[in-house]
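Shown next, in structure tokens, is the structure this report addresses.
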Amino acid sequence: MHAIRLHAFGPAENLRHERAEDPVPGPGRVRVAVAAAGVHLVDTTQRAGDPGNPYGLPELPAVPGREVAGTVDALGEGTDPRWLGRRVVAHLGRTASGGGYAELAVVDAARLHELPDRLAEDHAIAMIGTGRTALGILGFTELGEDDVVIVPAAAGGIGSLLVQYAKNAGATVVGLAGGPAKVAHVGALGADVALDYDDPEWAERARTALWGRAATVVFDGVGGAVARAAVDLLAPGGLHLVFGWSARGTVGAGPWEPEPAWLAERGITSRNVLGPAMLERFGGGETGIRRLEELSLADAAAGRVVPAVQRFPLAEAAAAHRALETRGTIGKVVLVP
């Protein structure tokens, strides 16, 4: 098979497309002929050798990637034979070296989800990790017709889904993105107001477009100055739900942690929604993760949401990493062998 291998930590060019031995599944595992593999921003920090990333660093050489979808073509000892020949998707878990950037990948059978005929592999990849996180974030609020929602990273994988879920709930949505192409994408998703957060006047334009209505929820995956301006649009009693800070590396970037006194004065609740608190709402631990995965895949299969996907050939994994690091992508990034 061919796979992407990392032999040394460093720039994206260190990802090498090369021949590798076909993996053999052990007991309780299956081998998947990969049709799509997910790429995450965390993958870029691991590749760079950043010890601060949440999954640690792999032993080198390593094949990155923790999300795969495709067809089961081999079974390990003791594995349920029903999986052979099935189309599946799986998140490989909190691992430093998942092996997903390859034509063949080995997966624990317990992590598999069977795909319905109407759900494409690349869309399944967008839902197995990104989709489950979007649903977990939404679990901290009950959106309705009276809500005005601001999504600062609305062209990203999570943001694209949050826009759609909020619209499905009847909320008014202000979607923010960087650059004309991304703003157009956000408008096409159904956002009531789509604005460029690189425009210094975006907050005032949002106020004008909303006819004086204040926001009730900010889904913050950007951080920095954009988050600060978005929270300024919240009404008393509003929610600032934080799940990342993708704007790091830019002016005014990094996580924004408002002072408790500042929040109390405005009657705003701010909280980081990642981690155990999110999972507890859906059963806790691996049970919560699996439940979120099931719900997100079902929503995509039923057409309730359509994940945004940007595809790169497997051999161009380095280009996919560069695009993610420079915020040059729309939606979930997927490698296609």
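How things are named: the first chain in the structure tokens is A, the next is B, and so on; residues count from 1 in each chain; ligands count from 1 in the order shown.
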So that I can check the surroundings of stretch 140-147 of chain A, please list as number ranges by chain every protein, DNA and RNA residue that reaches within 6 Å of it, counting only C-alpha atoms and ignoring chain neighbours fewer than 3 positions away. A: 137, 169-171, 216
Would you mind listing what lies within 9 Å of A:Val42 as a VMD selection string, with only C-alpha atoms counted and same-chain residues fewer than 5 positions away left out? chain A and resid 47 53 to 55
So that I have them on file, write out the residues from the current selection with all heavy atoms, as a PDB file, in the first residue's frame.
ATOM      1  N   ARG A  47       2.696  16.969  13.860  1.00  0.00           N
ATOM      2  CA  ARG A  47       3.716  16.911  12.809  1.00  0.00           C
ATOM      3  C   ARG A  47       4.851  17.888  13.078  1.00  0.00           C
ATOM      4  O   ARG A  47       6.025  17.598  12.857  1.00  0.00           O
ATOM      5  CB  ARG A  47       3.071  17.236  11.460  1.00  0.00           C
ATOM      6  CG  ARG A  47       3.982  17.141  10.258  1.00  0.00           C
ATOM      7  CD  ARG A  47       3.676  18.235   9.261  1.00  0.00           C
ATOM      8  NE  ARG A  47       4.069  19.543   9.717  1.00  0.00           N
ATOM      9  CZ  ARG A  47       3.288  20.626   9.701  1.00  0.00           C
ATOM     10  NH1 ARG A  47       2.035  20.568   9.300  1.00  0.00           N
ATOM     11  NH2 ARG A  47       3.771  21.790  10.141  1.00  0.00           N
ATOM     12  N   ASN A  53       0.365  19.716  22.261  1.00  0.00           N
ATOM     13  CA  ASN A  53      -0.893  19.263  21.665  1.00  0.00           C
ATOM     14  C   ASN A  53      -1.526  18.195  22.554  1.00  0.00           C
ATOM     15  O   ASN A  53      -0.826  17.501  23.301  1.00  0.00           O
ATOM     16  CB  ASN A  53      -0.672  18.758  20.232  1.00  0.00           C
ATOM     17  CG  ASN A  53      -0.132  17.346  20.197  1.00  0.00           C
ATOM     18  OD1 ASN A  53      -0.863  16.389  20.377  1.00  0.00           O
ATOM     19  ND2 ASN A  53       1.175  17.230  19.968  1.00  0.00           N
ATOM     20  N   PRO A  54      -2.856  18.022  22.493  1.00  0.00           N
ATOM     21  CA  PRO A  54      -3.544  17.185  23.486  1.00  0.00           C
ATOM     22  C   PRO A  54      -3.295  15.695  23.357  1.00  0.00           C
ATOM     23  O   PRO A  54      -3.646  14.936  24.266  1.00  0.00           O
ATOM     24  CB  PRO A  54      -5.021  17.511  23.238  1.00  0.00           C
ATOM     25  CG  PRO A  54      -5.087  17.991  21.833  1.00  0.00           C
ATOM     26  CD  PRO A  54      -3.801  18.729  21.599  1.00  0.00           C
ATOM     27  N   TYR A  55      -2.718  15.220  22.257  1.00  0.00           N
ATOM     28  CA  TYR A  55      -2.553  13.784  22.060  1.00  0.00           C
ATOM     29  C   TYR A  55      -1.112  13.309  22.211  1.00  0.00           C
ATOM     30  O   TYR A  55      -0.827  12.133  22.014  1.00  0.00           O
ATOM     31  CB  TYR A  55      -3.071  13.378  20.668  1.00  0.00           C
ATOM     32  CG  TYR A  55      -4.533  13.688  20.466  1.00  0.00           C
ATOM     33  CD1 TYR A  55      -4.956  14.483  19.413  1.00  0.00           C
ATOM     34  CD2 TYR A  55      -5.494  13.191  21.344  1.00  0.00           C
ATOM     35  CE1 TYR A  55      -6.302  14.777  19.230  1.00  0.00           C
ATOM     36  CE2 TYR A  55      -6.833  13.473  21.172  1.00  0.00           C
ATOM     37  CZ  TYR A  55      -7.238  14.259  20.108  1.00  0.00           C
ATOM     38  OH  TYR A  55      -8.566  14.541  19.938  1.00  0.00           O
TER      39      TYR A  55
END
Could you check the closest approach to A:His113 for each of A:Glu325, A:Asp192, A:Glu293, A:Glu201 and tell me which residue wins, using only C-alpha atoms? A:Glu293
Would you list the contacts of A:Pro258 as a PyMOL selection string, taking every protein, DNA or RNA residue within 12 Å and counting only C-alpha atoms, but skipping same-chain residues closer than 5 positions in sequence? chain A and resi 223-225+227-229+231-232+240+242+263-266+268-272
When you look at A:Thr329 with a cut-off of 12 Å (counting only C-alpha atoms), what residues show up, excluding the ones that are within fewer than 2 positions of it in the same chain? I need them as an MDAnalysis selection string. chainID A and resid 39:41 153:157 177:179 181:182 185 308:312 319:327 331:334
